[in-house]
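Colleague: File name query.cif; file contents mmCIF, C-alpha atoms; full text below.
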data_data
loop_
_atom_site.group_PDB
_atom_site.id
_atom_site.type_symbol
_atom_site.label_atom_id
_atom_site.label_comp_id
_atom_site.auth_asym_id
_atom_site.auth_seq_id
_atom_site.Cartn_x
_atom_site.Cartn_y
_atom_site.Cartn_z
ATOM 1 C CA MET J 1 129.006 123.803 124.636
ATOM 2 C CA LYS J 2 127.425 123.443 121.191
ATOM 3 C CA LEU J 3 126.382 120.181 119.609
ATOM 4 C CA ASP J 4 129.084 119.156 117.150
ATOM 5 C CA SER J 5 128.749 115.374 117.064
ATOM 6 C CA LEU J 6 125.934 112.956 117.606
ATOM 7 C CA CYS J 7 125.496 109.203 117.918
ATOM 8 C CA ILE J 8 122.176 107.797 116.711
ATOM 9 C CA ALA J 9 121.077 104.873 118.883
ATOM 10 C CA THR J 10 119.392 102.662 116.309
ATOM 11 C CA SER J 11 120.142 99.680 114.114
ATOM 12 C CA ASN J 12 117.931 101.150 111.362
ATOM 13 C CA GLN J 13 120.200 102.599 108.669
ATOM 14 C CA ASN J 14 117.243 104.427 107.058
ATOM 15 C CA LYS J 15 116.708 106.427 110.251
ATOM 16 C CA ILE J 16 120.401 107.249 110.505
ATOM 17 C CA ARG J 17 120.385 108.523 106.920
ATOM 18 C CA GLU J 18 117.307 110.738 107.511
ATOM 19 C CA ILE J 19 118.693 112.185 110.749
ATOM 20 C CA ARG J 20 122.196 112.686 109.274
ATOM 21 C CA ARG J 21 120.705 114.710 106.425
ATOM 22 C CA MET J 22 119.076 117.107 108.886
ATOM 23 C CA PHE J 23 122.110 117.602 111.153
ATOM 24 C CA ASN J 24 124.715 117.800 108.388
ATOM 25 C CA LYS J 25 123.223 121.205 107.532
ATOM 26 C CA PHE J 26 124.469 122.417 110.914
ATOM 27 C CA GLY J 27 127.936 120.893 110.633
ATOM 28 C CA VAL J 28 127.117 118.155 113.158
ATOM 29 C CA THR J 29 128.955 114.863 112.585
ATOM 30 C CA VAL J 30 126.492 111.975 112.836
ATOM 31 C CA SER J 31 127.453 108.368 113.512
ATOM 32 C CA GLY J 32 125.690 105.144 114.410
ATOM 33 C CA LEU J 33 126.418 102.761 117.257
ATOM 34 C CA PRO J 34 129.570 100.621 117.135
ATOM 35 C CA LEU J 35 129.251 97.623 114.828
ATOM 36 C CA GLY J 36 127.759 94.610 116.543
ATOM 37 C CA SER J 37 125.913 96.625 119.203
ATOM 38 C CA GLU J 38 122.734 94.860 120.244
ATOM 39 C CA MET J 39 119.887 97.240 120.893
ATOM 40 C CA PRO J 40 118.116 96.941 124.252
ATOM 41 C CA GLU J 41 114.645 95.477 124.476
ATOM 42 C CA GLU J 42 111.948 98.116 123.973
ATOM 43 C CA THR J 43 109.813 97.564 127.060
ATOM 44 C CA GLY J 44 108.239 101.027 127.253
ATOM 45 C CA SER J 45 104.489 101.524 127.141
ATOM 46 C CA ASP J 46 104.770 104.459 124.732
ATOM 47 C CA PHE J 47 107.112 105.913 122.114
ATOM 48 C CA ARG J 48 108.809 108.325 124.515
ATOM 49 C CA GLU J 49 109.695 105.598 127.026
ATOM 50 C CA ASN J 50 111.195 103.432 124.278
ATOM 51 C CA ALA J 51 113.186 106.382 122.907
ATOM 52 C CA ARG J 52 114.555 107.038 126.399
ATOM 53 C CA ILE J 53 115.613 103.372 126.819
ATOM 54 C CA LYS J 54 117.540 103.507 123.536
ATOM 55 C CA ALA J 55 119.089 106.938 124.175
ATOM 56 C CA LEU J 56 120.368 105.917 127.612
ATOM 57 C CA PHE J 57 121.762 102.704 126.150
ATOM 58 C CA GLY J 58 123.648 104.589 123.413
ATOM 59 C CA TYR J 59 124.901 107.268 125.793
ATOM 60 C CA GLU J 60 126.197 104.734 128.325
ATOM 61 C CA LEU J 61 127.769 102.596 125.585
ATOM 62 C CA THR J 62 129.574 105.388 123.715
ATOM 63 C CA GLY J 63 129.828 108.343 126.098
ATOM 64 C CA LEU J 64 128.762 110.517 123.141
ATOM 65 C CA ASN J 65 125.822 112.890 122.726
ATOM 66 C CA THR J 66 123.127 110.402 121.779
ATOM 67 C CA LEU J 67 119.836 110.737 119.955
ATOM 68 C CA ALA J 68 117.233 107.995 119.825
ATOM 69 C CA ASP J 69 113.706 107.919 118.548
ATOM 70 C CA ASP J 70 110.820 105.573 118.702
ATOM 71 C CA SER J 71 108.105 105.879 116.166
ATOM 72 C CA GLY J 72 105.262 103.979 114.685
ATOM 73 C CA LEU J 73 101.885 103.902 113.095
ATOM 74 C CA GLU J 74 98.631 104.375 114.994
ATOM 75 C CA VAL J 75 95.470 103.338 113.162
ATOM 76 C CA GLU J 76 92.240 104.791 114.514
ATOM 77 C CA ALA J 77 90.025 101.786 113.686
ATOM 78 C CA LEU J 78 92.537 99.465 115.386
ATOM 79 C CA ASN J 79 92.505 101.447 118.654
ATOM 80 C CA GLY J 80 95.967 102.835 117.973
ATOM 81 C CA ALA J 81 97.589 99.554 116.887
ATOM 82 C CA PRO J 82 100.203 98.669 115.855
ATOM 83 C CA GLY J 83 101.611 101.596 117.909
ATOM 84 C CA VAL J 84 104.824 100.799 119.797
ATOM 85 C CA HIS J 85 104.827 97.367 118.143
ATOM 86 C CA SER J 86 104.864 98.792 114.592
ATOM 87 C CA ALA J 87 108.286 97.462 113.553
ATOM 88 C CA ARG J 88 107.671 93.985 114.946
ATOM 89 C CA TRP J 89 103.905 93.692 114.552
ATOM 90 C CA ALA J 90 104.105 90.597 112.344
ATOM 91 C CA ASP J 91 106.447 88.840 114.790
ATOM 92 C CA GLY J 92 109.654 90.014 113.153
ATOM 93 C CA GLY J 93 108.529 89.249 109.606
ATOM 94 C CA GLY J 94 109.701 92.630 108.312
ATOM 95 C CA ASP J 95 108.034 95.435 106.378
ATOM 96 C CA GLU J 96 106.171 93.290 103.867
ATOM 97 C CA ALA J 97 104.698 91.035 106.564
ATOM 98 C CA ASN J 98 103.699 94.065 108.671
ATOM 99 C CA ASN J 99 101.951 95.663 105.687
ATOM 100 C CA LYS J 100 100.080 92.439 104.877
ATOM 101 C CA LYS J 101 98.934 92.132 108.483
ATOM 102 C CA LEU J 102 97.726 95.754 108.445
ATOM 103 C CA LEU J 103 95.743 95.270 105.233
ATOM 104 C CA LEU J 104 94.178 92.105 106.627
ATOM 105 C CA ALA J 105 93.239 93.852 109.900
ATOM 106 C CA LEU J 106 91.543 96.683 107.956
ATOM 107 C CA ARG J 107 89.725 94.509 105.420
ATOM 108 C CA GLY J 108 86.138 95.766 105.125
ATOM 109 C CA ILE J 109 86.709 98.732 107.456
ATOM 110 C CA GLU J 110 85.778 102.142 106.062
ATOM 111 C CA ASN J 111 87.624 104.274 108.613
ATOM 112 C CA ARG J 112 91.213 104.260 107.337
ATOM 113 C CA ARG J 113 92.482 107.259 109.346
ATOM 114 C CA ALA J 114 95.974 106.823 110.750
ATOM 115 C CA ARG J 115 98.862 108.780 112.183
ATOM 116 C CA PHE J 116 102.615 108.290 112.192
ATOM 117 C CA ARG J 117 104.064 109.415 115.545
ATOM 118 C CA CYS J 118 107.648 109.948 116.632
ATOM 119 C CA SER J 119 109.243 110.745 119.983
ATOM 120 C CA MET J 120 112.909 111.719 120.201
ATOM 121 C CA ILE J 121 115.229 111.878 123.162
ATOM 122 C CA LEU J 122 118.617 113.606 122.970
ATOM 123 C CA ILE J 123 121.076 113.109 125.809
ATOM 124 C CA MET J 124 123.722 115.821 125.637
ATOM 125 C CA ASN J 125 126.147 116.754 128.397
ATOM 126 C CA ASP J 126 123.862 114.961 130.880
ATOM 127 C CA MET J 127 120.845 117.013 129.705
ATOM 128 C CA ILE J 128 117.781 115.272 128.303
ATOM 129 C CA ILE J 129 115.907 117.085 125.537
ATOM 130 C CA GLU J 130 112.627 115.664 124.235
ATOM 131 C CA ALA J 131 110.773 116.354 120.995
ATOM 132 C CA ASP J 132 107.739 114.889 119.235
ATOM 133 C CA GLY J 133 106.234 114.952 115.767
ATOM 134 C CA SER J 134 103.295 113.432 113.923
ATOM 135 C CA CYS J 135 101.867 113.115 110.429
ATOM 136 C CA ASP J 136 98.208 112.373 109.684
ATOM 137 C CA GLY J 137 96.981 110.314 106.757
ATOM 138 C CA GLU J 138 94.995 107.282 105.674
ATOM 139 C CA ILE J 139 95.767 103.646 104.956
ATOM 140 C CA LEU J 140 95.275 102.587 101.339
ATOM 141 C CA GLU J 141 93.930 99.194 100.316
ATOM 142 C CA SER J 142 97.082 98.357 98.356
ATOM 143 C CA PRO J 143 100.663 99.667 98.354
ATOM 144 C CA ARG J 144 101.884 102.507 96.122
ATOM 145 C CA GLY J 145 105.417 103.745 95.549
ATOM 146 C CA SER J 146 108.860 102.291 95.989
ATOM 147 C CA GLY J 147 110.572 104.786 98.295
ATOM 148 C CA GLY J 148 110.723 104.949 102.063
ATOM 149 C CA PHE J 149 110.372 101.943 104.320
ATOM 150 C CA GLY J 150 107.981 100.380 106.802
ATOM 151 C CA TYR J 151 104.338 101.324 106.221
ATOM 152 C CA ASP J 152 105.209 104.126 103.757
ATOM 153 C CA PRO J 153 103.677 102.379 100.675
ATOM 154 C CA LEU J 154 100.271 102.225 102.430
ATOM 155 C CA PHE J 155 100.283 105.647 104.138
ATOM 156 C CA TRP J 156 98.342 108.122 101.974
ATOM 157 C CA ILE J 157 98.617 111.863 102.578
ATOM 158 C CA PRO J 158 95.443 113.380 101.083
ATOM 159 C CA GLU J 159 96.731 116.967 100.808
ATOM 160 C CA LEU J 160 99.726 115.771 98.762
ATOM 161 C CA GLY J 161 97.872 113.088 96.798
ATOM 162 C CA LYS J 162 100.714 110.635 97.425
ATOM 163 C CA THR J 163 101.849 107.911 99.772
ATOM 164 C CA THR J 164 104.962 108.580 101.803
ATOM 165 C CA ALA J 165 106.653 105.955 99.586
ATOM 166 C CA GLU J 166 105.990 108.230 96.562
ATOM 167 C CA LEU J 167 107.612 111.313 98.080
ATOM 168 C CA THR J 168 111.159 112.430 97.415
ATOM 169 C CA GLU J 169 113.397 112.264 100.482
ATOM 170 C CA GLU J 170 113.238 116.062 100.766
ATOM 171 C CA GLU J 171 109.423 116.049 100.639
ATOM 172 C CA LYS J 172 109.225 113.248 103.176
ATOM 173 C CA ASN J 173 111.649 114.896 105.585
ATOM 174 C CA ARG J 174 109.546 118.082 105.466
ATOM 175 C CA ILE J 175 106.238 116.469 106.418
ATOM 176 C CA SER J 176 107.060 113.159 108.106
ATOM 177 C CA HIS J 177 106.612 112.472 111.804
ATOM 178 C CA ARG J 178 110.397 112.059 112.151
ATOM 179 C CA GLY J 179 111.064 115.213 110.133
ATOM 180 C CA ARG J 180 108.693 117.207 112.337
ATOM 181 C CA ALA J 181 110.204 115.766 115.532
ATOM 182 C CA LEU J 182 113.655 116.722 114.233
ATOM 183 C CA GLU J 183 112.465 120.258 113.479
ATOM 184 C CA ASN J 184 111.075 120.547 117.003
ATOM 185 C CA LEU J 185 114.331 119.211 118.434
ATOM 186 C CA VAL J 186 116.422 121.648 116.378
ATOM 187 C CA ALA J 187 114.191 124.528 117.555
ATOM 188 C CA LYS J 188 114.789 123.503 121.179
ATOM 189 C CA LEU J 189 118.541 123.270 120.588
ATOM 190 C CA TYR J 190 118.530 126.766 119.027
ATOM 191 C CA ALA J 191 116.508 128.171 121.925
ATOM 192 C CA ARG J 192 119.153 126.842 124.326
ATOM 193 C CA ARG J 193 121.987 128.029 122.051
ATOM 194 C CA LEU J 194 123.261 124.476 121.672
ATOM 195 C CA LEU J 195 123.268 124.493 117.859
#
What do you get writing this file as structure tokens?
Modeller:
Amino acid sequence: MKLDSLCIATSNQNKIREIRRMFNKFGVTVSGLPLGSEMPEETGSDFRENARIKALFGYELTGLNTLADDSGLEVEALNGAPGVHSARWADGGGDEANNKKLLLALRGIENRRARFRCSMILIMNDMIIEADGSCDGEILESPRGSGGFGYDPLFWIPELGKTTAELTEEEKNRISHRGRALENLVAKLYARRLL
């Protein structure tokens, strides 16, 4: 049975839009969770565990093929922080507060190397398919660009000479951690003749 519809287990509309764009090319109908759904607490110790928690929640709630991801920023000089806490690093203060906290934590530190990581879990017909992706870059000392979300205005990709907030959506989807995880997931679906 081929994948023809997909529920994305997230409350983040930006993620739904990025994932929908990828799967629409294959004629897959993409929807979010029912309005008012409260996401489960992310208690996993890594991205994959958190993605699994969300995917199982969505699958049990809707009975639909469900995709969930967990992703975040790992900064080398901060021993991998903010990591799984990326979205709520500044105690729920949102993107701007998270970015300010990151800049403060890196003040005076030369090593600005960082990586966006993403783990995806797809539950389909009681199968679990996993995929990962990453994108390497550096953290700037001040934000640049108005696109994207999260840490995108601070995440510099040297080979492109831009932050992820300065990329078009097509460019970002090609090189981002989520875009690469999606590509890996699509490749696995093709290999199993599910897409």
Colleague: Show which residues sit within 9 Å of Phe149 in chain J, as a count of residues only. Count all atoms listed in the file, and ignore same-chain residues fewer than 4 positions away.
Modeller: 5
Colleague: Taking the file as I've supplied it (selection: the PyMOL selection byres ((chain J and resi 123) around 8)), which residues are included? Please answer as a list in words.
Modeller: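 So the PyMOL selection byres ((chain J and resi 123) around 8), applied here, picks out Ala55, Leu56, Tyr59, Asn65, Thr66, Leu67, Ile121, Leu122, Met124, Asn125, Asp126, Met127, Ile128 and Ile129 of chain J.
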Colleague: Hey, can you check how far CA of Gly63 in chain J sits from CA of Val84 in chain J?
Modeller: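 Separation of CA of Gly63 in chain J and CA of Val84 in chain J: 26.9 Å.
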Colleague: What is the distance, in Å and to one decimal place, between CA of Glu74 in chain J and CA of His177 in chain J?
Modeller: 11.8 Å
Colleague: Have a look at CA of Gly145 in chain J and CA of Glu166 in chain J and let me know their distance in Å, one decimal.
Modeller: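 CA of Gly145 in chain J sits 4.6 Å away from CA of Glu166 in chain J.
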Colleague: Can you turn the PyMOL selection byres ((chain J and resi 195) around 10) into a concrete residue list for this file, as a PDB file with C-alpha atoms, in the coordinates of the input?
Modeller:
ATOM      1  CA  MET J   1     129.006 123.803 124.636  1.00  0.00           C
ATOM      2  CA  LYS J   2     127.425 123.443 121.191  1.00  0.00           C
ATOM      3  CA  LEU J   3     126.382 120.181 119.609  1.00  0.00           C
ATOM      4  CA  ASP J   4     129.084 119.156 117.150  1.00  0.00           C
ATOM      5  CA  PHE J  23     122.110 117.602 111.153  1.00  0.00           C
ATOM      6  CA  PHE J  26     124.469 122.417 110.914  1.00  0.00           C
ATOM      7  CA  GLY J  27     127.936 120.893 110.633  1.00  0.00           C
ATOM      8  CA  VAL J  28     127.117 118.155 113.158  1.00  0.00           C
ATOM      9  CA  VAL J 186     116.422 121.648 116.378  1.00  0.00           C
ATOM     10  CA  ALA J 187     114.191 124.528 117.555  1.00  0.00           C
ATOM     11  CA  LYS J 188     114.789 123.503 121.179  1.00  0.00           C
ATOM     12  CA  LEU J 189     118.541 123.270 120.588  1.00  0.00           C
ATOM     13  CA  TYR J 190     118.530 126.766 119.027  1.00  0.00           C
ATOM     14  CA  ALA J 191     116.508 128.171 121.925  1.00  0.00           C
ATOM     15  CA  ARG J 192     119.153 126.842 124.326  1.00  0.00           C
ATOM     16  CA  ARG J 193     121.987 128.029 122.051  1.00  0.00           C
ATOM     17  CA  LEU J 194     123.261 124.476 121.672  1.00  0.00           C
TER      18      LEU J 194
END
Colleague: Which residues fall under the PyMOL selection byres ((chain J and resi 107-109) around 12) in this file, as number ranges by chain?
Modeller: J: 75-78, 100-106, 110-113, 139-142
Colleague: Using all atoms listed in the file for the distances, tell me which of J:Glu96, J:Asp136, J:Glu130, J:Glu49 is nearest to Glu183 in chain J.
Modeller: J:Glu130
Colleague: With all atoms listed in the file as the counted atoms, please give the residues lying no more than 6 Å from Trp156 in chain J, apart from itself and same-chain residues fewer than 5 positions off, as a PyMOL selection string.
Modeller: chain J and resi 137-139+162-163
Colleague: What residues have an atom no more than 6 Å from (125.5, 111.5, 114.7) in the file's own frame, counting all atoms listed in the file, and can you write them as a ChimeraX atom specification?
Modeller: /J:5-8,29-31
Colleague: How would range 28-43 of chain J read, as a PDB file, in the coordinates of the input, once N, CA and C atoms are built in?
Modeller:
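Dumped everything to rebuild-v5.pdb:
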ATOM      1  N   VAL J  28     127.046 119.167 112.105  1.00  0.00           N
ATOM      2  CA  VAL J  28     127.117 118.155 113.158  1.00  0.00           C
ATOM      3  C   VAL J  28     127.497 116.815 112.522  1.00  0.00           C
ATOM      4  N   THR J  29     128.540 116.182 113.054  1.00  0.00           N
ATOM      5  CA  THR J  29     128.955 114.863 112.585  1.00  0.00           C
ATOM      6  C   THR J  29     128.049 113.811 113.217  1.00  0.00           C
ATOM      7  N   VAL J  30     127.449 112.971 112.366  1.00  0.00           N
ATOM      8  CA  VAL J  30     126.492 111.975 112.836  1.00  0.00           C
ATOM      9  C   VAL J  30     127.046 110.578 112.599  1.00  0.00           C
ATOM     10  N   SER J  31     127.004 109.752 113.639  1.00  0.00           N
ATOM     11  CA  SER J  31     127.453 108.368 113.512  1.00  0.00           C
ATOM     12  C   SER J  31     126.408 107.437 114.116  1.00  0.00           C
ATOM     13  N   GLY J  32     126.544 106.158 113.808  1.00  0.00           N
ATOM     14  CA  GLY J  32     125.690 105.144 114.410  1.00  0.00           C
ATOM     15  C   GLY J  32     126.412 104.512 115.591  1.00  0.00           C
ATOM     16  N   LEU J  33     125.797 103.502 116.157  1.00  0.00           N
ATOM     17  CA  LEU J  33     126.418 102.761 117.257  1.00  0.00           C
ATOM     18  C   LEU J  33     127.577 101.921 116.721  1.00  0.00           C
ATOM     19  N   PRO J  34     128.496 101.509 117.588  1.00  0.00           N
ATOM     20  CA  PRO J  34     129.570 100.621 117.135  1.00  0.00           C
ATOM     21  C   PRO J  34     129.000  99.348 116.506  1.00  0.00           C
ATOM     22  N   LEU J  35     129.694  98.855 115.492  1.00  0.00           N
ATOM     23  CA  LEU J  35     129.251  97.623 114.828  1.00  0.00           C
ATOM     24  C   LEU J  35     129.082  96.505 115.845  1.00  0.00           C
ATOM     25  N   GLY J  36     128.015  95.746 115.660  1.00  0.00           N
ATOM     26  CA  GLY J  36     127.759  94.610 116.543  1.00  0.00           C
ATOM     27  C   GLY J  36     126.997  94.956 117.809  1.00  0.00           C
ATOM     28  N   SER J  37     126.674  96.240 118.005  1.00  0.00           N
ATOM     29  CA  SER J  37     125.913  96.625 119.203  1.00  0.00           C
ATOM     30  C   SER J  37     124.511  96.033 119.131  1.00  0.00           C
ATOM     31  N   GLU J  38     124.093  95.404 120.192  1.00  0.00           N
ATOM     32  CA  GLU J  38     122.734  94.860 120.244  1.00  0.00           C
ATOM     33  C   GLU J  38     121.845  95.842 120.975  1.00  0.00           C
ATOM     34  N   MET J  39     120.797  96.264 120.298  1.00  0.00           N
ATOM     35  CA  MET J  39     119.887  97.240 120.893  1.00  0.00           C
ATOM     36  C   MET J  39     119.163  96.629 122.087  1.00  0.00           C
ATOM     37  N   PRO J  40     118.850  97.454 123.092  1.00  0.00           N
ATOM     38  CA  PRO J  40     118.116  96.941 124.252  1.00  0.00           C
ATOM     39  C   PRO J  40     116.668  96.615 123.878  1.00  0.00           C
ATOM     40  N   GLU J  41     116.050  95.801 124.694  1.00  0.00           N
ATOM     41  CA  GLU J  41     114.645  95.477 124.476  1.00  0.00           C
ATOM     42  C   GLU J  41     113.795  96.721 124.726  1.00  0.00           C
ATOM     43  N   GLU J  42     112.822  96.943 123.850  1.00  0.00           N
ATOM     44  CA  GLU J  42     111.948  98.116 123.973  1.00  0.00           C
ATOM     45  C   GLU J  42     110.745  97.720 124.821  1.00  0.00           C
ATOM     46  N   THR J  43     110.845  97.990 126.115  1.00  0.00           N
ATOM     47  CA  THR J  43     109.813  97.564 127.060  1.00  0.00           C
ATOM     48  C   THR J  43     108.887  98.698 127.474  1.00  0.00           C
TER      49      THR J  43
END
